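J.: One file is attached below, final_8.cif, containing mmCIF, C-alpha atoms and all ligand atoms.
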data_work
#
loop_
_atom_site.label_atom_id
_atom_site.label_comp_id
_atom_site.auth_asym_id
_atom_site.auth_seq_id
_atom_site.Cartn_x
_atom_site.Cartn_y
_atom_site.Cartn_z
CA MET A 1 3.43 -2.65 -22.25
CA ALA A 2 6.86 -4.06 -21.45
CA ALA A 3 6.23 -6.15 -18.38
CA GLY A 4 3.48 -8.63 -17.69
CA THR A 5 2.32 -8.54 -21.30
CA GLU A 6 1.33 -12.20 -21.33
CA ALA A 7 -1.37 -11.24 -18.84
CA GLY A 8 -2.33 -8.26 -21.04
CA TYR A 9 -1.28 -5.62 -18.53
CA CYS A 10 1.70 -3.69 -17.28
CA ILE A 11 2.39 -1.71 -14.14
CA ARG A 12 2.98 2.00 -14.86
CA CYS A 13 4.00 4.96 -12.73
CA VAL A 14 1.33 7.67 -12.84
CA ARG A 15 4.04 10.33 -12.39
CA CYS A 16 7.00 9.38 -14.63
CA GLY A 17 5.48 6.67 -16.84
CA ALA A 18 8.11 4.03 -15.94
CA GLU A 19 6.96 0.42 -16.37
CA PRO A 20 8.72 -1.77 -13.79
CA ASP A 21 8.51 -5.53 -14.29
CA ASP A 22 6.20 -7.19 -11.78
CA ARG A 23 6.19 -10.77 -13.02
CA THR A 24 7.99 -12.12 -9.98
CA ALA A 25 7.83 -9.17 -7.58
CA TYR A 26 5.11 -7.49 -5.53
CA LEU A 27 5.66 -3.84 -6.42
CA TYR A 28 4.99 -0.82 -4.25
CA ARG A 29 5.86 2.76 -5.27
CA CYS A 30 7.78 3.58 -8.46
CA PRO A 31 11.40 2.46 -7.93
CA GLY A 32 12.56 5.52 -9.91
CA CYS A 33 10.54 8.49 -8.66
CA GLY A 34 8.39 7.16 -5.77
CA GLY A 35 5.16 7.87 -7.67
CA ILE A 36 1.96 5.80 -7.43
CA LEU A 37 1.98 2.66 -9.59
CA ASP A 38 -1.12 1.66 -11.51
CA ALA A 39 -2.06 -1.42 -13.55
CA VAL A 40 -2.72 -0.60 -17.20
CA TYR A 41 -4.42 -3.05 -19.55
CA ASP A 42 -4.10 -3.48 -23.26
CA LEU A 43 -7.74 -2.98 -24.19
CA ALA A 44 -7.35 -2.33 -27.90
CA GLY A 45 -9.29 -4.93 -29.86
CA ARG A 46 -10.46 -6.74 -26.70
CA SER A 47 -13.97 -8.16 -26.74
CA GLY A 48 -16.73 -6.57 -24.65
CA PRO A 49 -17.43 -7.36 -21.01
CA ALA A 50 -19.98 -10.07 -21.82
CA GLN A 51 -17.17 -12.17 -23.32
CA LEU A 52 -14.36 -10.86 -21.10
CA PHE A 53 -16.00 -11.35 -17.70
CA GLY A 54 -17.40 -14.52 -16.20
CA GLY A 55 -16.38 -17.61 -14.29
CA GLY A 56 -15.08 -17.07 -10.79
CA PRO A 57 -14.70 -17.70 -7.95
CA GLY A 58 -15.82 -14.39 -6.39
CA LEU A 59 -14.31 -11.32 -8.01
CA TRP A 60 -12.09 -13.50 -10.22
CA GLU A 61 -14.87 -13.41 -12.78
CA PHE A 62 -13.09 -10.14 -13.69
CA ARG A 63 -9.69 -11.83 -13.89
CA ALA A 64 -9.11 -10.70 -17.50
CA LEU A 65 -8.70 -7.17 -16.08
CA LEU A 66 -6.89 -8.05 -12.85
CA PRO A 67 -3.09 -8.11 -12.43
CA LEU A 68 -2.62 -11.83 -11.74
CA PRO A 69 -0.29 -13.73 -14.10
CA PRO A 70 -2.06 -16.52 -16.01
CA ASP A 71 -0.29 -19.33 -14.11
CA ALA A 72 -1.20 -17.96 -10.65
CA ALA A 73 -4.09 -19.38 -8.63
CA PRO A 74 -6.89 -17.00 -7.61
CA LEU A 75 -7.86 -16.66 -3.95
CA SER A 76 -11.46 -16.17 -2.88
CA LEU A 77 -13.81 -16.18 0.07
CA GLY A 78 -16.77 -15.44 -2.19
CA GLU A 79 -16.26 -11.66 -2.22
CA GLY A 80 -17.99 -9.37 -4.72
CA GLY A 81 -21.38 -9.80 -6.35
CA THR A 82 -22.88 -7.45 -3.77
CA PRO A 83 -26.46 -6.19 -4.31
CA LEU A 84 -27.36 -2.78 -5.73
CA LEU A 85 -30.49 -1.89 -3.83
CA ASP A 86 -32.94 0.85 -4.77
CA ALA A 87 -33.61 3.08 -1.75
CA SER A 88 -35.25 5.95 -3.58
CA HIS A 89 -37.99 6.00 -0.93
CA LEU A 90 -35.48 7.85 1.29
CA THR A 91 -36.16 10.95 -0.81
CA PRO A 92 -37.08 13.79 -0.52
CA ASP A 93 -34.87 14.17 2.57
CA TYR A 94 -31.83 13.37 0.49
CA GLY A 95 -32.82 15.10 -2.73
CA ASP A 96 -35.24 14.17 -5.48
CA VAL A 97 -32.90 11.58 -7.00
CA GLN A 98 -32.79 7.84 -7.58
CA ILE A 99 -30.79 6.40 -4.68
CA LEU A 100 -29.01 3.10 -5.22
CA LEU A 101 -27.11 1.44 -2.36
CA LYS A 102 -24.16 -0.78 -3.29
CA LEU A 103 -24.03 -3.11 -0.30
CA GLU A 104 -20.30 -3.60 0.08
CA MET A 105 -20.87 -4.44 3.73
CA LEU A 106 -22.06 -7.86 2.55
CA ASN A 107 -18.57 -8.97 1.58
CA PRO A 108 -17.21 -11.92 3.62
CA THR A 109 -15.56 -9.92 6.42
CA GLY A 110 -18.15 -7.15 6.35
CA SER A 111 -16.44 -4.53 4.20
CA PHE A 112 -15.28 -3.73 0.66
CA LYS A 113 -11.69 -4.34 1.77
CA ASP A 114 -12.18 -8.02 0.90
CA ARG A 115 -11.89 -7.08 -2.75
CA ALA A 116 -8.49 -5.50 -2.09
CA ALA A 117 -7.35 -8.42 0.04
CA ALA A 118 -8.41 -11.07 -2.49
CA VAL A 119 -6.14 -9.57 -5.16
CA GLY A 120 -3.34 -8.48 -2.81
CA VAL A 121 -3.02 -11.83 -1.05
CA ALA A 122 -3.30 -13.80 -4.31
CA ARG A 123 -0.37 -11.76 -5.67
CA ALA A 124 1.58 -12.11 -2.42
CA ARG A 125 1.19 -15.88 -2.57
CA GLN A 126 2.24 -15.96 -6.23
CA VAL A 127 5.50 -14.09 -5.51
CA GLY A 128 6.28 -16.44 -2.59
CA ALA A 129 5.77 -14.06 0.35
CA SER A 130 6.70 -15.64 3.69
CA ALA A 131 4.26 -13.43 5.63
CA LEU A 132 1.84 -10.52 5.21
CA VAL A 133 2.04 -7.28 7.15
CA LEU A 134 -0.03 -4.10 7.24
CA SER A 135 -0.98 -1.26 9.52
CA SER A 136 -4.71 -1.15 10.13
CA THR A 137 -7.14 -0.39 12.88
CA GLY A 138 -10.07 -2.18 11.37
CA ASN A 139 -11.47 -3.31 8.06
CA ALA A 140 -8.28 -3.73 6.03
CA GLY A 141 -6.73 -5.67 8.90
CA ALA A 142 -9.74 -8.00 9.19
CA ALA A 143 -9.77 -8.61 5.44
CA ALA A 144 -6.02 -9.29 5.29
CA ALA A 145 -6.30 -11.62 8.29
CA ALA A 146 -9.13 -13.60 6.69
CA TYR A 147 -7.54 -13.94 3.24
CA GLY A 148 -4.15 -14.68 4.82
CA ALA A 149 -5.79 -17.49 6.80
CA ARG A 150 -7.35 -18.81 3.62
CA ALA A 151 -3.97 -18.72 1.85
CA GLY A 152 -2.15 -20.29 4.81
CA LEU A 153 0.12 -17.26 5.27
CA PRO A 154 1.01 -15.65 8.60
CA VAL A 155 -0.47 -12.15 8.96
CA VAL A 156 1.01 -9.46 11.21
CA VAL A 157 -1.23 -6.45 11.88
CA LEU A 158 0.48 -3.35 13.30
CA VAL A 159 -1.73 -1.04 15.35
CA PRO A 160 -1.20 2.21 17.29
CA ALA A 161 -0.40 1.56 20.95
CA ALA A 162 -3.61 3.17 22.22
CA MET A 163 -5.96 0.95 20.20
CA PRO A 164 -8.71 -0.57 22.42
CA ALA A 165 -8.76 -4.38 22.46
CA GLU A 166 -12.40 -4.65 21.32
CA SER A 167 -11.55 -2.91 18.02
CA LEU A 168 -9.15 -5.75 17.28
CA ALA A 169 -11.43 -8.71 18.00
CA GLN A 170 -12.28 -9.55 14.40
CA ILE A 171 -8.64 -9.40 13.32
CA ALA A 172 -7.64 -11.66 16.22
CA ALA A 173 -10.43 -14.12 15.43
CA TYR A 174 -8.76 -15.01 12.12
CA GLY A 175 -5.53 -15.82 13.97
CA ALA A 176 -3.52 -12.80 12.83
CA ARG A 177 -0.73 -11.59 15.15
CA ILE A 178 -1.47 -8.08 16.43
CA VAL A 179 1.52 -5.96 17.40
CA ARG A 180 1.21 -2.58 19.11
CA VAL A 181 3.53 0.20 17.95
CA ALA A 182 4.28 3.32 19.98
CA GLY A 183 2.85 6.61 18.72
CA ASP A 184 -0.04 7.35 16.38
CA VAL A 185 -1.10 5.76 13.06
CA SER A 186 2.03 6.83 11.19
CA GLY A 187 4.31 4.58 13.32
CA PRO A 188 2.66 1.31 12.20
CA PHE A 189 2.40 2.53 8.60
CA HIS A 190 6.13 3.19 8.26
CA LEU A 191 7.07 0.05 10.17
CA ALA A 192 5.01 -2.10 7.75
CA ARG A 193 6.95 -0.50 4.88
CA ALA A 194 10.28 -1.26 6.55
CA ALA A 195 9.25 -4.86 7.35
CA ALA A 196 8.38 -5.47 3.71
CA ALA A 197 11.73 -4.02 2.57
CA GLN A 198 13.84 -5.90 5.09
CA LEU A 199 12.04 -9.18 5.86
CA GLY A 200 10.60 -10.28 2.52
CA TRP A 201 7.06 -9.93 3.85
CA VAL A 202 4.40 -8.38 1.64
CA ASN A 203 2.92 -5.10 2.84
CA LEU A 204 -0.82 -5.22 2.15
CA ALA A 205 -1.46 -1.53 2.92
CA THR A 206 -4.65 -0.50 1.15
CA THR A 207 -3.57 3.07 0.46
CA TYR A 208 -1.93 3.62 -2.95
CA GLU A 209 1.15 1.93 -1.46
CA SER A 210 0.86 -0.82 -4.07
CA PRO A 211 -1.23 -1.25 -7.23
CA TYR A 212 -2.76 -4.67 -6.48
CA PRO A 213 -5.31 -3.98 -3.70
CA THR A 214 -6.70 -1.02 -5.67
CA GLU A 215 -7.32 -3.34 -8.61
CA GLY A 216 -9.51 -5.46 -6.35
CA ASP A 217 -11.51 -2.37 -5.37
CA LYS A 218 -12.07 -1.71 -9.06
CA THR A 219 -14.37 -4.70 -9.43
CA ALA A 220 -17.11 -2.85 -7.50
CA GLY A 221 -17.22 -0.40 -10.42
CA TYR A 222 -17.63 -3.18 -13.00
CA GLU A 223 -20.47 -4.64 -10.96
CA ILE A 224 -22.29 -1.30 -10.71
CA ALA A 225 -22.16 -0.84 -14.48
CA ARG A 226 -23.39 -4.36 -15.13
CA GLN A 227 -26.15 -4.11 -12.51
CA LEU A 228 -27.38 -0.96 -14.26
CA GLY A 229 -27.47 -2.73 -17.63
CA TRP A 230 -24.31 -0.83 -18.73
CA GLN A 231 -25.95 2.50 -17.96
CA VAL A 232 -23.68 4.98 -16.20
CA PRO A 233 -24.91 6.51 -12.93
CA ASP A 234 -24.72 10.30 -12.71
CA TRP A 235 -22.86 10.08 -9.42
CA ILE A 236 -20.96 7.54 -7.35
CA VAL A 237 -20.63 8.70 -3.74
CA VAL A 238 -17.72 7.27 -1.76
CA PRO A 239 -16.42 7.63 1.82
CA VAL A 240 -12.81 8.76 1.38
CA GLY A 241 -9.75 8.41 3.58
CA ALA A 242 -6.89 8.16 1.08
CA GLY A 243 -9.31 7.34 -1.72
CA PRO A 244 -8.20 4.22 -3.64
CA LEU A 245 -11.80 2.99 -3.70
CA LEU A 246 -12.96 6.21 -5.35
CA TYR A 247 -10.16 6.10 -7.91
CA ALA A 248 -10.73 2.40 -8.58
CA CYS A 249 -14.47 2.76 -9.25
CA TRP A 250 -13.82 5.60 -11.66
CA LYS A 251 -11.05 3.63 -13.34
CA ALA A 252 -13.45 0.70 -13.87
CA PHE A 253 -15.69 2.98 -15.92
CA THR A 254 -12.75 4.32 -17.96
CA GLU A 255 -11.85 0.74 -18.87
CA LEU A 256 -15.46 -0.12 -19.70
CA ARG A 257 -15.59 2.94 -21.94
CA ALA A 258 -12.41 1.83 -23.71
CA LEU A 259 -14.10 -1.55 -24.25
CA GLY A 260 -17.15 0.18 -25.72
CA ALA A 261 -19.46 -1.06 -22.95
CA VAL A 262 -20.39 2.41 -21.64
CA ASP A 263 -20.40 5.76 -23.39
CA ARG A 264 -19.52 8.15 -20.55
CA LEU A 265 -18.07 8.31 -17.04
CA PRO A 266 -19.75 8.96 -13.69
CA ARG A 267 -19.04 11.99 -11.54
CA MET A 268 -17.25 10.95 -8.38
CA ALA A 269 -18.17 12.48 -5.01
CA ALA A 270 -15.69 12.11 -2.15
CA VAL A 271 -17.24 12.41 1.29
CA GLN A 272 -15.00 13.10 4.27
CA ALA A 273 -15.68 13.51 7.97
CA SER A 274 -15.33 17.14 9.02
CA GLY A 275 -13.02 15.98 11.86
CA CYS A 276 -10.54 14.61 9.30
CA ALA A 277 -10.97 16.31 5.95
CA PRO A 278 -7.67 16.96 4.18
CA LEU A 279 -9.17 16.54 0.68
CA TYR A 280 -12.13 18.77 1.50
CA ARG A 281 -9.81 21.49 2.80
CA ALA A 282 -7.83 21.50 -0.46
CA TRP A 283 -11.03 21.37 -2.53
CA ARG A 284 -12.52 24.38 -0.74
CA ALA A 285 -9.27 26.34 -1.07
CA ARG A 286 -9.10 25.37 -4.78
CA GLN A 287 -5.67 23.87 -4.20
CA ASP A 288 -4.18 21.04 -6.22
CA GLU A 289 -2.04 19.67 -3.41
CA VAL A 290 -3.52 17.96 -0.36
CA THR A 291 -1.67 18.42 2.92
CA ALA A 292 -1.77 16.15 5.97
CA TRP A 293 -4.52 16.73 8.58
CA GLU A 294 -3.35 17.72 12.04
CA SER A 295 -5.65 16.33 14.65
CA VAL A 296 -8.21 13.64 13.84
CA ASP A 297 -11.59 13.69 15.59
CA THR A 298 -14.41 11.61 14.09
CA ILE A 299 -16.45 8.47 14.70
CA ALA A 300 -15.98 7.51 11.04
CA LYS A 301 -12.95 5.37 11.80
CA GLY A 302 -12.61 3.90 8.30
CA ILE A 303 -11.85 7.34 6.86
CA ALA A 304 -10.00 8.85 9.84
CA ASP A 305 -6.82 9.01 7.80
CA PRO A 306 -4.72 12.17 8.28
CA LEU A 307 -2.53 11.14 5.28
CA ARG A 308 0.55 11.87 7.37
CA GLY A 309 3.60 10.73 5.41
CA TYR A 310 1.65 10.22 2.15
CA PRO A 311 -0.44 13.36 1.41
CA ASP A 312 0.17 12.83 -2.32
CA ASP A 313 -2.29 9.91 -2.09
CA GLY A 314 -4.93 12.53 -1.31
CA THR A 315 -3.69 14.73 -4.14
CA PHE A 316 -4.09 11.84 -6.58
CA THR A 317 -7.65 11.16 -5.40
CA LEU A 318 -8.54 14.85 -5.56
CA ARG A 319 -7.26 14.96 -9.13
CA THR A 320 -9.55 12.04 -9.98
CA VAL A 321 -12.55 13.84 -8.44
CA ARG A 322 -11.80 16.92 -10.55
CA ARG A 323 -11.23 14.92 -13.74
CA SER A 324 -14.61 13.27 -13.23
CA GLY A 325 -16.39 16.62 -12.82
CA GLY A 326 -17.18 15.55 -9.27
CA ALA A 327 -17.20 17.16 -5.84
CA VAL A 328 -15.85 16.83 -2.30
CA VAL A 329 -18.10 17.38 0.71
CA ALA A 330 -17.57 17.00 4.45
CA VAL A 331 -20.10 15.83 7.03
CA THR A 332 -20.21 16.03 10.82
CA ASP A 333 -20.43 13.07 13.18
CA GLY A 334 -24.04 14.06 13.94
CA GLU A 335 -24.95 13.90 10.25
CA ILE A 336 -23.19 10.54 9.92
CA LEU A 337 -25.10 9.05 12.85
CA ARG A 338 -28.41 10.36 11.51
CA ALA A 339 -27.65 8.73 8.16
CA ARG A 340 -26.61 5.49 9.90
CA ASP A 341 -29.93 5.40 11.77
CA ASP A 342 -31.94 6.30 8.66
CA LEU A 343 -30.31 3.53 6.66
CA ALA A 344 -31.13 1.00 9.36
CA ARG A 345 -34.64 2.19 10.26
CA ARG A 346 -35.95 3.24 6.87
CA ALA A 347 -34.05 0.99 4.48
CA GLY A 348 -33.18 -2.07 6.61
CA ILE A 349 -29.45 -1.62 6.06
CA PHE A 350 -27.24 -1.61 9.16
CA ALA A 351 -23.96 0.06 8.27
CA GLU A 352 -21.02 1.06 10.42
CA PRO A 353 -20.76 4.87 10.75
CA THR A 354 -18.23 5.09 7.89
CA GLY A 355 -20.54 3.02 5.68
CA ALA A 356 -23.31 5.59 6.20
CA VAL A 357 -21.05 8.52 5.28
CA PRO A 358 -22.21 8.56 1.61
CA LEU A 359 -25.85 9.00 2.64
CA ALA A 360 -24.86 11.87 4.92
CA GLY A 361 -22.84 13.21 1.99
CA LEU A 362 -25.87 12.98 -0.30
CA ALA A 363 -27.87 15.21 2.06
CA ARG A 364 -25.03 17.73 1.92
CA MET A 365 -24.84 17.49 -1.88
CA ASN A 366 -28.57 18.16 -2.00
CA GLU A 367 -28.27 21.19 0.27
CA GLU A 368 -25.38 22.56 -1.75
CA ARG A 369 -27.30 21.88 -5.01
CA ILE A 370 -24.53 19.68 -6.33
CA ILE A 371 -27.04 17.05 -7.42
CA THR A 372 -30.10 17.80 -9.51
CA ALA A 373 -33.55 16.24 -9.64
CA GLY A 374 -33.88 12.93 -11.41
CA GLN A 375 -30.22 11.96 -11.24
CA LYS A 376 -29.15 8.38 -10.58
CA VAL A 377 -26.84 8.25 -7.56
CA VAL A 378 -24.96 5.18 -6.31
CA LEU A 379 -23.86 5.23 -2.66
CA LEU A 380 -21.14 2.80 -1.59
CA VAL A 381 -22.17 1.37 1.78
CA THR A 382 -18.66 0.20 2.55
CA GLY A 383 -18.83 -1.41 6.00
CA SER A 384 -21.21 -3.40 8.19
CA GLY A 385 -22.83 -2.19 11.39
CA LEU A 386 -22.05 -5.58 12.94
CA LYS A 387 -18.41 -4.49 13.18
CA GLY A 388 -19.05 -2.56 16.43
CA GLN A 389 -19.73 1.10 17.31
CA PHE A 390 -23.30 0.00 17.98
CA PRO A 391 -26.13 2.51 18.48
CA PRO A 392 -27.42 2.78 22.06
CA VAL A 393 -29.93 0.08 23.02
CA PRO A 394 -33.17 1.57 24.41
CA GLU A 395 -34.37 0.21 27.74
CA ALA A 396 -36.60 -2.81 26.98
CA PRO A 397 -39.74 -2.76 29.17
CA LEU A 398 -40.68 -5.87 31.14
CA LEU A 399 -44.12 -7.07 30.04
CA THR A 400 -46.61 -7.74 32.81
CA GLY A 401 -49.98 -7.23 31.08
CA GLY A 402 -49.89 -10.05 28.48
CA VAL A 403 -51.16 -9.65 24.90
CA PRO A 404 -53.37 -6.56 25.57
CA GLU A 405 -50.33 -4.65 26.82
CA LEU A 406 -48.14 -6.08 24.05
CA ALA A 407 -50.52 -4.77 21.36
CA ARG A 408 -49.41 -1.17 21.75
CA PHE A 409 -45.83 -2.06 20.76
CA GLY A 410 -47.11 -2.89 17.26
CA GLN A 411 -48.20 0.73 16.69
CA PRO A 412 -46.04 2.90 14.45
CA GLU A 413 -43.81 5.16 16.62
C1 LIG A 501 -15.83 1.24 5.90
C2 LIG A 501 -14.79 2.00 5.10
N1 LIG A 501 -15.21 2.85 4.16
C3 LIG A 501 -14.35 3.58 3.43
C4 LIG A 501 -12.98 3.49 3.62
C5 LIG A 501 -12.08 4.39 2.84
O1 LIG A 501 -11.35 3.76 1.87
P1 LIG A 501 -10.16 4.45 1.08
O2 LIG A 501 -8.93 3.88 1.69
O3 LIG A 501 -10.41 4.02 -0.33
O4 LIG A 501 -10.22 5.93 1.24
C6 LIG A 501 -12.48 2.59 4.57
C7 LIG A 501 -11.05 2.43 4.75
O5 LIG A 501 -10.58 1.77 5.64
C8 LIG A 501 -13.40 1.83 5.34
O6 LIG A 501 -12.99 0.97 6.28
#
Is it possible to express this structure as structure tokens?

T.:
Amino acid sequence: MAAGTEAGYCIRCVRCGAEPDDRTAYLYRCPGCGGILDAVYDLAGRSGPAQLFGGGPGLWEFRALLPLPPDAAPLSLGEGGTPLLDASHLTPDYGDVQILLKLEMLNPTGSFKDRAAAVGVARARQVGASALVLSSTGNAGAAAAAYGARAGLPVVVLVPAAMPAESLAQIAAYGARIVRVAGDVSGPFHLARAAAAQLGWVNLATTYESPYPTEGDKTAGYEIARQLGWQVPDWIVVPVGAGPLLYACWKAFTELRALGAVDRLPRMAAVQASGCAPLYRAWRARQDEVTAWESVDTIAKGIADPLRGYPDDGTFTLRTVRRSGGAVVAVTDGEILRARDDLARRAGIFAEPTGAVPLAGLARMNEERIITAGQKVVLLVTGSGLKGQFPPVPEAPLLTGGVPELARFGQPE
């Protein structure tokens, strides 16, 4: 615990164990070996969550286990505190299990990425960043734009040249500058890295590029445990691109176990789209190393990440799945859309396609007998249906016959 000890944490490389000092710098990969950096807390002798957590605003109620130095101001738009909704009535189609939906779509910009942005932008402001930059085609960009606006920092969002304008509307609404970059998703990703290195901007990439955004994601795990009265669910099912959200939720439970608040860890299920499934491919082939996906083809845009240029992010997530005793499954676009419609029509929850991926994944886990009857399963509904990619609107008939004709529309379909 060399650096940052006054805040009770240090930043440590998961590969070589180095502990670079982050008191005045926003760190990315390990300066020595390029490995993923992670925040590690000194939990020995700490009091339990009831004493440790509380206050606010937003996710800053968990500040004792977030990497923000004590003198730095938190930044919040009221993120976190999302409901955990019982949707067990969706069984038996999805297995004879207790289904709990963690409604991450109810965060301020409509996705869980607000948790990452709250911590990332607070840290960026504390180290005196002149601007924020990231490559994103959607949720991370919207979250960074909103929290950057709140912090009064310019935000530059780099997108692939072919990105349609309507996908960028929410990002633009917050006043972020959108810059198109030639080529596919890897062009913007590497340019954001270079801008951070050369211009003194902070790169808010929500892959494992930097430890801070992932720490924000972690707070969803604390909330799940608390909402279950410190009971541990059997499974947490997560839509996975690179997978920081999956890792972060699992990490939350490891910390709670070290604090004595829970006695075991959940199994983590990673769900990928079959049109972009680098983790699933490695899982099926029983390989340790994930390799980049060649050609992406899925409607689940939030997880359409080929991991080109950073496949070791996928390897790290896959390792977490295996350590948790979990599983990786892949689902087709058809299955995702069916789950999206089921969530909306049978549970009243309108998710974007990626947000419905865990429910599609649950059906697959049921078919493959990965889950067993009576288990408690938490699905992370990560993004809102109001983001776009709307379902088709059926033709609305023009009423001519008054109330008698209207009456038939009240019949169950
Ligand atoms: C709605 C949604 N769900 C899930 C994910 C996947 O998150 P991760 O980067 O942790 O794999 C994303 C990422 O953008 C997303 O937008």

J.: Could you check how far CA of Ser324 in chain A sits from CA of Arg267 in chain A, in Å to one decimal?

T.: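 If I compute the distance from CA of Ser324 in chain A to CA of Arg267 in chain A, I get 4.9 Å.
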
J.: Using all atoms listed in the file, which of A:Glu335, A:Asp305, A:Asp86, A:Asp297 sits nearest Ala347 in chain A?

T.: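 With all atoms listed in the file as the atom set, the closest residue is A:Asp86.
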
J.: Go through the chains and note each residue within 7 Å of ligand LIG 501 (chain A), using all atoms listed in the file, then give the set as a VMD selection string.

T.: chain A and resid 111 138 to 140 206 to 207 239 to 246 302 to 303 352 354 to 355 382 to 383

J.: Which is closer to Trp293 in chain A than all the others in A:Ala273, A:Ala196, A:Ile236, A:Cys33, using all atoms listed in the file?

T.: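 Closest to Trp293 in chain A, using all atoms listed in the file: A:Ala273.
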
J.: Do you have the CA of Ile349 in chain A-CA of Phe62 in chain A distance handy?

T.: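 Computed distance, CA of Ile349 in chain A to CA of Phe62 in chain A, equals 27.0 Å.
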
J.: Separation of CA of Ala143 in chain A and CA of Ala129 in chain A, in Å?

T.: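 CA of Ala129 in chain A lies 17.2 Å from CA of Ala143 in chain A.
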
J.: Output as a tab-separated table one row per residue of range 282-338 of chain A within 10 Å of range 357-370 of chain A: the closest atom pair and its distance in Å to one decimal place, counting all atoms listed in the file, sorted by chain and residue number ascending.

T.:
residue	atom	partner	partner_atom	distance
A:Ala300	CA	A:Val357	CA	7.7
A:Ile303	CA	A:Val357	CA	9.4
A:Gly326	CA	A:Ile370	CA	8.9
A:Ala327	CA	A:Ile370	CA	7.8
A:Val328	CA	A:Gly361	CA	9.0
A:Val329	CA	A:Gly361	CA	6.4
A:Ala330	CA	A:Gly361	CA	6.9
A:Val331	CA	A:Gly361	CA	6.3
A:Thr332	CA	A:Ala360	CA	8.6
A:Asp333	CA	A:Val357	CA	9.1
A:Gly334	CA	A:Ala360	CA	9.3
A:Glu335	CA	A:Ala360	CA	5.7
A:Ile336	CA	A:Ala360	CA	5.4
A:Leu337	CA	A:Ala360	CA	8.4
A:Arg338	CA	A:Ala360	CA	7.6

J.: Since we have the selection now, will you write its residues out, keeping C-alpha atoms, as a PDB file, in the coordinates of the input?

T.:
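Below you can see part-v4.pdb, which holds the result:
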ATOM      1  CA  ALA A 300     -15.980   7.510  11.040  1.00  0.00           C
ATOM      2  CA  ILE A 303     -11.850   7.340   6.860  1.00  0.00           C
ATOM      3  CA  GLY A 326     -17.180  15.550  -9.270  1.00  0.00           C
ATOM      4  CA  ALA A 327     -17.200  17.160  -5.840  1.00  0.00           C
ATOM      5  CA  VAL A 328     -15.850  16.830  -2.300  1.00  0.00           C
ATOM      6  CA  VAL A 329     -18.100  17.380   0.710  1.00  0.00           C
ATOM      7  CA  ALA A 330     -17.570  17.000   4.450  1.00  0.00           C
ATOM      8  CA  VAL A 331     -20.100  15.830   7.030  1.00  0.00           C
ATOM      9  CA  THR A 332     -20.210  16.030  10.820  1.00  0.00           C
ATOM     10  CA  ASP A 333     -20.430  13.070  13.180  1.00  0.00           C
ATOM     11  CA  GLY A 334     -24.040  14.060  13.940  1.00  0.00           C
ATOM     12  CA  GLU A 335     -24.950  13.900  10.250  1.00  0.00           C
ATOM     13  CA  ILE A 336     -23.190  10.540   9.920  1.00  0.00           C
ATOM     14  CA  LEU A 337     -25.100   9.050  12.850  1.00  0.00           C
ATOM     15  CA  ARG A 338     -28.410  10.360  11.510  1.00  0.00           C
TER      16      ARG A 338
END

J.: Given all atoms listed in the file as the basis, pick out the residue of A:Gly110, A:Gly8, A:Gly183, A:Gly325 nearest to Val381 in chain A.

T.: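 Using all atoms listed in the file, the shortest distance to Val381 in chain A belongs to A:Gly110.
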
J.: Taking into account all atoms listed in the file, which residue in the set A:Lys387, A:Arg257, A:Arg308, A:Arg319 is nearest to Leu106 in chain A?

T.: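 Closest candidate: A:Lys387.
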
J.: Which is closer to Glu61 in chain A than all the others in A:Tyr222, A:Ser167, A:Ala161, A:Ile99, using only C-alpha atoms?

T.: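 Distance minimum relative to Glu61 in chain A lands on A:Tyr222.
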
J.: Taking (-22.1, 3.9, 16.8) in the file's own coordinates, collect the residues within 8 Å, counting all atoms listed in the file, and hand them back as a PyMOL selection string.

T.: chain A and resi 299+337+352-353+388-392

J.: Pull the neighbourhood of (2.3, 0.0, 7.1) for me: all residues within 7 Å in file coordinates, counting all atoms listed in the file, as a PyMOL selection string.

T.: chain A and resi 134-135+188-193+203+205

J.: When you count all atoms listed in the file, which of these residues is closest to Leu100 in chain A: A:Gly148, A:Gly81, A:Gly17, A:Pro233?

T.: A:Pro233

J.: Got a sec: who's within 7 Å of range 247-250 of chain A, counting all atoms listed in the file, leaving out chain neighbours fewer than 3 positions off, as a ChimeraX atom specification?

T.: /A:214-215,217-218,220-221,243-244,253-254,317,320

J.: Neighbouring residues of Val40 in chain A were defined as those with any atom within 9 Å, considering only C-alpha atoms; residues of the same chain fewer than 5 positions away were excluded. Please report them as a PyMOL selection string.

T.: chain A and resi 1+8-12+65+67

J.: Which polymer residues have any atom within 9 Å of an atom of Ala124 in chain A, counting only C-alpha atoms, with same-chain residues fewer than 4 positions away left out, as a list in words?

T.: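 Selected residues are Ala25, Tyr26, Val119, Gly120, Gly128, Ala129, Ser130, Ala131, Leu132, Trp201, Val202, Asn203 and Leu204 of chain A.
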
J.: Find the axis-aligned box for range 11-16 of chain A, covering all its listed atoms and adding 4 Å on each side, and write its centre and edge lengths in Å to one decimal as AutoDock Vina command-line options.

T.:
--center_x 4.2 --center_y 4.3 --center_z -13.6 --size_x 13.7 --size_y 20.0 --size_z 10.5

J.: Find the residues near Thr82 in chain A: any atom within 9 Å, counting all atoms listed in the file, skip ones fewer than 6 places away on the same chain, and give them as a list in words.

T.: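 Listed by chain and then number, they are Lys102, Leu103, Glu104, Met105, Leu106, Asn107, Ala220 and Glu223 of chain A.
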
J.: Considering only C-alpha atoms, return as a VMD selection string whatever protein or nucleic-acid residues lie within 10 Å of Ala144 in chain A, sequence-local ones (same chain, fewer than 6 positions apart) excluded.

T.: chain A and resid 109 113 to 114 116 to 118 120 to 121 132 to 134 136 150 155 to 157 171 174 176 204 to 206
